[in-house]
Amino acid sequence: MGVAAAAAVAEGGYRLRDRGSFPHVNFYVPDARLGVRLRPGATERISFGGNPVTHVRINSDGYRGADLPPPREGEILVVGDSQVFGLGVEEDQTFSARLAALTGRAVVNAGVPTYGPDEYDAVVEEMLARRKPSVVVYTVNMANDLFEVEHPNRDRHVIWDGWAVRKDGAAATPRWFPGRSWLFGRSHLVFALRKIAHGRHPEAPDQGVASEGSWTDLLGAGKAAAGGRQKARVDLRAAVQKGEQSKYTAERNLENVERKLENAVIRSRLGIARDDKLTEMGGEAEWLHAARASVGDIVSVDYGEESRATPITAELLEHAGAYRQQLEETLRDKGNRKTRQLFKDWQADSETLRALQMAPARLLRHGSPLLPHVARVKALAEAHGARLVVLILPLDVMVSAGEWAKYGAQPVDLAPASVLVTDLRRSSEEAGVSALDATAVLAAAEPGAFLDHDLHMTPRGHDAVARTLAATLAEPPPEFPTGALPSDRTPAPGFGGWYDRQPEATGPAGETQADGARCEVLRAGQWWHVVCGNRAQGAEKPRGVTLLEGGRGDALAFTTGANMFLTAPVLPGDALAADFAWADEIEHLEVDGDHARLTKLPARAGGRGGPDPLETKISSCFKKEAPPDYWNFSYGADADCVRTYGGDCDRLLECAAGNAASPPDCPDGSVNAGVFHRCHQLCGPGRACPQGQRCDAWPGAHLCE
């Protein structure tokens, strides 16, 4: 009785000291599919890292909050992990609750700590069938979700007395005895004793555990990423004519290019000389050391979730981002002999494999390990008539360098890691999904957007995210071009597509253009190509080409010191008109249906005096690159290309030629689209096109052209 009385007093003392709270969720129950679920009806007080005590209750459906009302029209489902759950804030302070208050719509907070992409997909599938929400917010936590794509929760955690413990090296299920669940799950005295015992036997420095994933899971070295790329190739392959042996040869070459380049860059980052050594290390040995699961997962009081330390995660993200950038640089390094040969292998048959000629950046984005999950959830949502929004929550130290101080760690430059966020956002948009990067809104909420000594958001951070989500949902779903061409459009002939074409235009009397004519017009299907120049020595230099009508937003017009060029599509019912000016005359072009005609007109006063600054800037790159072939020359003076690539002549010329390898960065309201991947303004209700342009339908969007 004396021992029992002393234990009761000690229990009360420690409960008072802890303010009745524990640092982690301790009401998990095992689940064969999801690894864990939250026990319906559970309640708990939680406090960690010196942050205020918060209260948690679990409803009958196993999610945070009051019991869910009957399904109603306009309901919003939010899935995610502990950031969505709201560790460290009260129930009504989560961004799900704030979103409900701001929009007046029912919002289901289906966030569960420890969950990752595999579990998000399962929750979406389950809740779409049960409640039929009209919006699904798929929340990606950059702190761990990219790492967990290949590591489902059932492989990462086991349940000990209601606590989620990392599965790596975990002992067998603890022996049961009467009262164990309360003693090891609810007793503050036992919790304190376990913490004291654990402190006497500290573990090795935390580098995370194997099941938490490594930087290779974020990129091409991960199995899911490789699968994503393979799926992209299969989808693209379906778009080209089947049965051509050269296509399959080139696809195998493409796979070899990716493998060789990836291994070369990984070896460079890790200082490894041989591929066999890379295989032995798994590409990650010096970055990841498995730690044995133990009571330390339970008694740590610094973090709301026991996981890899934030500075380690930040370092892995930086490493992966640097790898991603270095890989793209390697892909673009055409000056390197080996890389140049690999590109030749890759592009062995440009006409047959036109659909496979993706930009390196887009190829890498479509290798994002999360893209298959986004595509799967998009299909699920659309099947139930729901809208999908991907919300990306960055690591706190990605938002503000000031967050490093609370970890007592030296800051790491995370600028390279931002490409991982951009990849996810842009690949989601390319898949036709609304994507929202919360970095900017959380940065605006700093200081005070994140908890002390922890990466979870404060009420201030949750409110900032809720407000930008509410604004996003108030707008109609944005349109994003799928990258495909409309059924009535064809790609422009490649550099070589104009060879052996016969002149199509006639002069004033109907005769075929003679050798002494200044302009020649070629045709390939619905595409027309005009080349105007002076063959005589000492002749007048070109003043410039002016597109007067037509082109459907996909005309390339360009003037150099010696020639003028125009490449444009003409569809049935279209008309194309342009002037090619010299000081003494104008060659006026008109294309109507299948007929083209050149007419000489008097020169106009006040016209162009030669190449404009954009054309001069692009032309200056010809001195650094191989001069363009007369017949293959198809460039366009584009301000977005010059703004994006500046003095990078290789990429500037690719952009000016409409090469998908180097699309320009587009201003707000515009997207890369069209045959030449230029910036086209989105249009539709409330989005009028500039004067002289019309709003036309493209796959996935409406564009001004």
# chains A, B, ... in the order shown; residues from 1 in each chain; ligands from 1
$ select_by_dssp --residues "region 15-143 of chain A" --states "strand (DSSP E or B)" --output "PyMOL selection string"
chain A and resi 22+28-31+35-38+43-46+54-58+64+76-80+107-111+135-141
$ closest_residue --among "A:Arg105, A:Arg460, A:Arg387, A:Lys167" --to "Leu128 (chain A)" --atoms "only C-alpha atoms"
A:Arg387
$ residues_around --residues "region 53-56 of chain A" --least-positions-apart "6" --cutoff "9 Å" --atoms "only C-alpha atoms" --output "list in words"
Arg19, Gly20, Ser21, Val25, Ala42, Thr43, Glu44, Arg45, Ile46, Ser47, Arg64, Gly65, Leu87, Gly88, Val89, Glu90 and Glu91 of chain A
$ atom_distance --atom1 "CA of Arg489 (chain A)" --atom2 "CA of Asn672 (chain A)"
16.6 Å
$ residues_around --residues "Arg694 (chain A)" --least-positions-apart "6" --cutoff "9 Å" --atoms "only C-alpha atoms" --output "mmCIF file with C-alpha atoms, in the first residue's frame"
data_model
loop_
_atom_site.group_PDB
_atom_site.id
_atom_site.type_symbol
_atom_site.label_atom_id
_atom_site.label_comp_id
_atom_site.auth_asym_id
_atom_site.auth_seq_id
_atom_site.Cartn_x
_atom_site.Cartn_y
_atom_site.Cartn_z
ATOM 1 C CA ARG A 552 -2.444 31.408 -85.113
ATOM 2 C CA CYS A 683 -8.262 33.224 -72.046
ATOM 3 C CA ALA A 688 -10.044 38.730 -72.799
ATOM 4 C CA LEU A 703 -5.271 30.275 -75.477
ATOM 5 C CA CYS A 704 -4.984 33.622 -77.220
ATOM 6 C CA GLU A 705 -3.614 33.313 -80.728
#
$ atom_distance --atom1 "CA of Ala435 (chain A)" --atom2 "CA of Glu479 (chain A)"
11.4 Å
$ closest_residue --among "A:Ser434, A:Thr567, A:Ser418, A:Asn144" --to "Gly553 (chain A)" --atoms "only C-alpha atoms"
A:Thr567
$ residues_around --residues "Trp582 (chain A)" --least-positions-apart "5" --cutoff "7 Å" --atoms "only C-alpha atoms" --output "list in words"
Glu540, Lys541, Pro542 and Arg543 of chain A
$ write_last_selection --atoms "N, CA and C atoms" --output "mmCIF file, in the first residue's frame"
data_model
loop_
_atom_site.group_PDB
_atom_site.id
_atom_site.type_symbol
_atom_site.label_atom_id
_atom_site.label_comp_id
_atom_site.auth_asym_id
_atom_site.auth_seq_id
_atom_site.Cartn_x
_atom_site.Cartn_y
_atom_site.Cartn_z
ATOM 1 N N GLU A 540 20.571 46.043 -101.503
ATOM 2 C CA GLU A 540 20.016 46.605 -100.275
ATOM 3 C C GLU A 540 19.865 45.530 -99.201
ATOM 4 N N LYS A 541 20.123 45.918 -97.955
ATOM 5 C CA LYS A 541 19.942 44.978 -96.852
ATOM 6 C C LYS A 541 18.475 44.946 -96.428
ATOM 7 N N PRO A 542 18.018 43.817 -95.907
ATOM 8 C CA PRO A 542 16.614 43.716 -95.485
ATOM 9 C C PRO A 542 16.281 44.715 -94.375
ATOM 10 N N ARG A 543 15.074 45.245 -94.437
ATOM 11 C CA ARG A 543 14.588 46.143 -93.389
ATOM 12 C C ARG A 543 13.797 45.400 -92.306
#
$ atom_distance --atom1 "CA of Cys679 (chain A)" --atom2 "CA of Cys666 (chain A)"
5.5 Å
$ residues_around --residues "Gly385 (chain A)" --least-positions-apart "2" --cutoff "9 Å" --atoms "only C-alpha atoms" --output "PyMOL selection string"
chain A and resi 132-135+380-383+387
